[in-house]
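Student: My questions will all concern the structure given below.
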Amino acid sequence: MPDLTYEQKYAATQAKCQACLDIIQPWLMEFRAQQNKQEPGKIGTCFYEDVRVLTNPSGDYYWKTSQGQELLKRRNDGEIGLYYLMGAGSSFVIEYAKQAPQIFAYEGQLVEIVQSKPTRAYFLYTDRGTNATKFDVPLEVALAAKTLYSESEYLGALYGCMLEQKKRTC
């Protein structure tokens, strides 16, 4: 089977990103509707229309509060995954449970791997800078945010390869 071209890989990756968005956006729309019932106009449509996921959060909550600093430390230690929604001031948080180490034979050597299993997830909505509230979120939605992040990064790399290839053929 021949290798896929960059354009074919790009289209396949774009489809994976859209599949993730199809999981994330309805949840965000429902979340927005619930929040706006309590306080009309609290959350606008930008919350779910242009969903971009980053791993480095911005905003006062993460940098100016002890709770935000603790989340960043837990992320750096591998205890949680933190997937920040750009422009929304909110994050999907995935908590991981460490499993027992597994030993594999690889090319004549024993390799020990400790895998982390996602156990639960929540949505951290930061309102007015430093106030944050946790909301339960289905693990499937948070994992879709995680996948959207990695696939979007790969999409950017593929686009760069396509541009480079185009320069070389012109």
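For the structure tokens, the naming scheme is as follows: chains receive sequential letters (A, B, ...) according to their order of presentation, residues are indexed from 1 within each chain, and ligands are indexed from 1 in presentation order.
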Extract, using only C-alpha atoms, all DNA, RNA and protein residues at most 7 Å from range 5-21 of chain A, discarding same-chain residues fewer than 3 positions from it, and format them as a PyMOL selection string.

Tutor: chain A and resi 24-25+144-145+148+151-152+155+158+162

Student: Next, the residues of the selection above should be written as a short mmCIF file (atom, residue, chain, number, x, y, z; two decimals), in the first residue's frame with N, CA and C atoms.

Tutor:
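Wrote it out as selection16.cif, contents follow:
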```cif
data_model
loop_
_atom_site.label_atom_id
_atom_site.label_comp_id
_atom_site.auth_asym_id
_atom_site.auth_seq_id
_atom_site.Cartn_x
_atom_site.Cartn_y
_atom_site.Cartn_z
N ILE A 24 -17.47 17.70 21.34
CA ILE A 24 -17.25 18.80 22.28
C ILE A 24 -18.30 19.90 22.16
N GLN A 25 -18.59 20.34 20.94
CA GLN A 25 -19.46 21.50 20.76
C GLN A 25 -20.87 21.32 21.33
N ALA A 144 -12.08 13.82 24.04
CA ALA A 144 -12.18 14.42 22.70
C ALA A 144 -11.39 15.73 22.66
N ALA A 145 -11.41 16.50 23.75
CA ALA A 145 -10.62 17.73 23.82
C ALA A 145 -9.13 17.41 23.77
N LEU A 148 -8.41 16.41 20.23
CA LEU A 148 -8.45 17.58 19.36
C LEU A 148 -7.15 18.38 19.46
N GLU A 151 -4.39 16.30 17.55
CA GLU A 151 -4.65 16.26 16.10
C GLU A 151 -4.49 17.65 15.48
N SER A 152 -4.84 18.70 16.20
CA SER A 152 -4.66 20.06 15.68
C SER A 152 -3.18 20.39 15.53
N LEU A 155 -2.06 18.61 12.51
CA LEU A 155 -2.59 19.30 11.35
C LEU A 155 -1.70 20.47 10.96
N LEU A 158 1.47 19.13 9.34
CA LEU A 158 1.20 18.69 7.96
C LEU A 158 1.08 19.87 7.02
N MET A 162 3.19 20.60 3.66
CA MET A 162 2.58 20.86 2.36
C MET A 162 3.14 22.13 1.74
#
```

Student: Can you pull out the residues contacting Val141 in chain A? Cut-off 12 Å, using only C-alpha atoms, and skip same-chain residues under 4 positions away; I want them as a PyMOL selection string.

Tutor: chain A and resi 19-28+83+91-94+120-123+136-137+145-148

Student: Between A:Glu112, A:Glu153, A:Asp50, A:Asp60, which residue has the minimum interatomic distance to Ala132 in chain A, considering only C-alpha atoms?

Tutor: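 Looking only at the distances to Ala132 in chain A, the closest residue turns out to be A:Asp60.
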
Student: For Glu140 in chain A, which residue out of A:Glu39, A:Leu82, A:Glu49, A:Thr119 is the nearest one, using only C-alpha atoms?

Tutor: A:Thr119

Student: Tell me, as an MDAnalysis selection string, which residues lie within 9 Å of Ile80 in chain A, counting only C-alpha atoms; anything in the same chain fewer than 6 positions away does not count.

Tutor: chainID A and resid 71:72 74 93:97 118

Student: Go ahead and write the residues just picked, all heavy atoms, as a tab-separated table (two decimals), in the first residue's frame.

Tutor:
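New file again-v6.tsv:
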```tsv
chain	number	residue	atom	x	y	z
A	71	LEU	N	-3.09	23.13	40.15
A	71	LEU	CA	-3.46	22.40	38.94
A	71	LEU	C	-2.29	22.30	37.97
A	71	LEU	O	-2.05	21.24	37.38
A	71	LEU	CB	-4.65	23.06	38.24
A	71	LEU	CG	-6.02	22.75	38.79
A	71	LEU	CD1	-7.08	23.56	38.06
A	71	LEU	CD2	-6.32	21.26	38.67
A	72	LEU	N	-1.56	23.38	37.78
A	72	LEU	CA	-0.42	23.36	36.88
A	72	LEU	C	0.66	22.40	37.38
A	72	LEU	O	1.27	21.67	36.60
A	72	LEU	CB	0.16	24.77	36.70
A	72	LEU	CG	-0.73	25.74	35.95
A	72	LEU	CD1	-0.10	27.14	35.94
A	72	LEU	CD2	-1.00	25.27	34.54
A	74	ARG	N	0.11	19.72	39.29
A	74	ARG	CA	-0.41	18.36	39.07
A	74	ARG	C	-0.31	17.95	37.60
A	74	ARG	O	-0.03	16.81	37.30
A	74	ARG	CB	-1.86	18.26	39.55
A	74	ARG	CG	-2.00	18.32	41.06
A	74	ARG	CD	-3.42	18.18	41.51
A	74	ARG	NE	-3.91	16.83	41.17
A	74	ARG	CZ	-5.20	16.55	41.04
A	74	ARG	NH1	-6.13	17.47	41.20
A	74	ARG	NH2	-5.56	15.31	40.73
A	93	VAL	N	-10.40	19.05	32.43
A	93	VAL	CA	-9.39	18.45	33.29
A	93	VAL	C	-9.66	16.96	33.35
A	93	VAL	O	-10.78	16.53	33.63
A	93	VAL	CB	-9.41	19.05	34.71
A	93	VAL	CG1	-8.35	18.40	35.58
A	93	VAL	CG2	-9.22	20.56	34.65
A	94	ILE	N	-8.65	16.17	33.05
A	94	ILE	CA	-8.76	14.71	33.11
A	94	ILE	C	-7.86	14.23	34.24
A	94	ILE	O	-6.68	14.56	34.28
A	94	ILE	CB	-8.32	14.04	31.79
A	94	ILE	CG1	-9.15	14.55	30.62
A	94	ILE	CG2	-8.41	12.52	31.91
A	94	ILE	CD1	-8.66	14.11	29.26
A	95	GLU	N	-8.43	13.49	35.17
A	95	GLU	CA	-7.65	12.91	36.27
A	95	GLU	C	-7.22	11.51	35.88
A	95	GLU	O	-8.01	10.75	35.30
A	95	GLU	CB	-8.47	12.89	37.56
A	95	GLU	CG	-8.76	14.27	38.08
A	95	GLU	CD	-9.51	14.25	39.40
A	95	GLU	OE1	-10.01	13.18	39.82
A	95	GLU	OE2	-9.60	15.32	40.02
A	96	TYR	N	-5.99	11.18	36.20
A	96	TYR	CA	-5.42	9.87	35.86
A	96	TYR	C	-5.09	9.08	37.11
A	96	TYR	O	-4.66	9.63	38.11
A	96	TYR	CB	-4.13	10.04	35.04
A	96	TYR	CG	-4.36	10.65	33.68
A	96	TYR	CD1	-4.14	12.00	33.44
A	96	TYR	CD2	-4.81	9.87	32.62
A	96	TYR	CE1	-4.35	12.55	32.19
A	96	TYR	CE2	-5.03	10.41	31.37
A	96	TYR	CZ	-4.79	11.75	31.16
A	96	TYR	OH	-5.01	12.31	29.92
A	97	ALA	N	-5.26	7.78	37.01
A	97	ALA	CA	-4.84	6.86	38.06
A	97	ALA	C	-3.66	6.07	37.51
A	97	ALA	O	-3.72	5.54	36.40
A	97	ALA	CB	-5.97	5.90	38.44
A	118	PRO	N	-7.20	7.22	32.41
A	118	PRO	CA	-8.11	8.30	32.78
A	118	PRO	C	-9.25	7.74	33.63
A	118	PRO	O	-9.84	6.71	33.29
A	118	PRO	CB	-8.62	8.83	31.44
A	118	PRO	CG	-8.27	7.81	30.43
A	118	PRO	CD	-7.18	6.96	30.98
```

Student: Given only C-alpha atoms as the basis, pick out the residue of A:Asn36, A:Asn131, A:Thr169, A:Ser150 nearest to Gly68 in chain A.

Tutor: A:Asn131

Student: Give me, as a list in words, the residues of range 62-132 of chain A that a backbone DSSP run labels helix (DSSP H, G or I).

Tutor: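 DSSP on the backbone gives helix (DSSP H, G or I) at Tyr62, Trp63, Lys64, Ser66, Gln67, Gly68, Gln69, Glu70, Leu71, Leu72, Lys73, Arg74, Arg75 and Asn76 of chain A.
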
Student: Just write the chosen residues, N, CA and C atoms, as a PDB file, in the first residue's frame.

Tutor:
```
ATOM      1  N   TYR A  62      -4.984  30.664  36.625  1.00  0.00           N
ATOM      2  CA  TYR A  62      -3.876  29.711  36.617  1.00  0.00           C
ATOM      3  C   TYR A  62      -2.570  30.309  37.127  1.00  0.00           C
ATOM      4  N   TRP A  63      -2.409  31.595  36.997  1.00  0.00           N
ATOM      5  CA  TRP A  63      -1.133  32.202  37.349  1.00  0.00           C
ATOM      6  C   TRP A  63      -1.162  33.004  38.643  1.00  0.00           C
ATOM      7  N   LYS A  64      -2.359  33.394  39.098  1.00  0.00           N
ATOM      8  CA  LYS A  64      -2.435  34.259  40.283  1.00  0.00           C
ATOM      9  C   LYS A  64      -3.175  33.642  41.465  1.00  0.00           C
ATOM     10  N   SER A  66      -3.650  30.148  44.139  1.00  0.00           N
ATOM     11  CA  SER A  66      -2.988  28.924  44.608  1.00  0.00           C
ATOM     12  C   SER A  66      -3.637  27.685  44.013  1.00  0.00           C
ATOM     13  N   GLN A  67      -4.965  27.715  43.789  1.00  0.00           N
ATOM     14  CA  GLN A  67      -5.643  26.566  43.187  1.00  0.00           C
ATOM     15  C   GLN A  67      -5.164  26.348  41.749  1.00  0.00           C
ATOM     16  N   GLY A  68      -5.021  27.439  41.011  1.00  0.00           N
ATOM     17  CA  GLY A  68      -4.529  27.340  39.633  1.00  0.00           C
ATOM     18  C   GLY A  68      -3.094  26.843  39.587  1.00  0.00           C
ATOM     19  N   GLN A  69      -2.267  27.331  40.494  1.00  0.00           N
ATOM     20  CA  GLN A  69      -0.877  26.876  40.569  1.00  0.00           C
ATOM     21  C   GLN A  69      -0.811  25.386  40.900  1.00  0.00           C
ATOM     22  N   GLU A  70      -1.693  24.934  41.785  1.00  0.00           N
ATOM     23  CA  GLU A  70      -1.736  23.516  42.152  1.00  0.00           C
ATOM     24  C   GLU A  70      -2.131  22.658  40.942  1.00  0.00           C
ATOM     25  N   LEU A  71      -3.090  23.127  40.149  1.00  0.00           N
ATOM     26  CA  LEU A  71      -3.462  22.395  38.935  1.00  0.00           C
ATOM     27  C   LEU A  71      -2.293  22.296  37.965  1.00  0.00           C
ATOM     28  N   LEU A  72      -1.564  23.384  37.777  1.00  0.00           N
ATOM     29  CA  LEU A  72      -0.418  23.356  36.879  1.00  0.00           C
ATOM     30  C   LEU A  72       0.656  22.396  37.383  1.00  0.00           C
ATOM     31  N   LYS A  73       0.863  22.361  38.698  1.00  0.00           N
ATOM     32  CA  LYS A  73       1.836  21.435  39.282  1.00  0.00           C
ATOM     33  C   LYS A  73       1.389  19.988  39.061  1.00  0.00           C
ATOM     34  N   ARG A  74       0.111  19.718  39.289  1.00  0.00           N
ATOM     35  CA  ARG A  74      -0.415  18.357  39.075  1.00  0.00           C
ATOM     36  C   ARG A  74      -0.308  17.952  37.601  1.00  0.00           C
ATOM     37  N   ARG A  75      -0.518  18.918  36.701  1.00  0.00           N
ATOM     38  CA  ARG A  75      -0.355  18.623  35.275  1.00  0.00           C
ATOM     39  C   ARG A  75       1.091  18.275  34.966  1.00  0.00           C
ATOM     40  N   ASN A  76       2.019  19.058  35.496  1.00  0.00           N
ATOM     41  CA  ASN A  76       3.437  18.805  35.252  1.00  0.00           C
ATOM     42  C   ASN A  76       3.890  17.476  35.841  1.00  0.00           C
TER      43      ASN A  76
END
```

Student: What are the DSSP strand (DSSP E) residues of chain A, as a ChimeraX atom specification?

Tutor: /A:53-54,80-85,90-98,102-106,109-113,116-127,131-136

Student: Calculate how many Å separate CA of Asp127 in chain A from CA of Ser90 in chain A, rounding to one decimal.

Tutor: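 According to the coordinates, CA of Asp127 in chain A and CA of Ser90 in chain A are separated by 8.4 Å.
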
Student: Please compute the CA of Leu143 in chain A-CA of Glu30 in chain A distance, one decimal, in Å.

Tutor: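 Going from CA of Leu143 in chain A over to CA of Glu30 in chain A, I get 17.8 Å.
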
Student: Would you work out the distance separating CA of Leu54 in chain A from CA of Tyr159 in chain A, expressed in Å to one decimal?

Tutor: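 Computing the Euclidean distance for CA of Leu54 in chain A and CA of Tyr159 in chain A yields 18.2 Å.
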
Student: May I ask which of the residues A:Leu4, A:Thr65, A:Tyr84, A:Gly78 is the closest one to Val51 in chain A, counting only C-alpha atoms?

Tutor: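 Ranking A:Leu4, A:Thr65, A:Tyr84, A:Gly78 by distance to Val51 in chain A, first place goes to A:Tyr84.
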
Student: Excluding same-chain residues fewer than 6 positions from Gly44 in chain A, what lies within 12 Å of it counting only C-alpha atoms, as a PyMOL selection string?

Tutor: chain A and resi 28-29+31-33+35-36+50+87-88

Student: Hey, which of A:Asp77, A:Tyr149, A:Gln115, A:Ala100 ends up closest to Thr55 in chain A? Count only C-alpha atoms.

Tutor: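 That would be A:Tyr149, the residue with the smallest distance to Thr55 in chain A.
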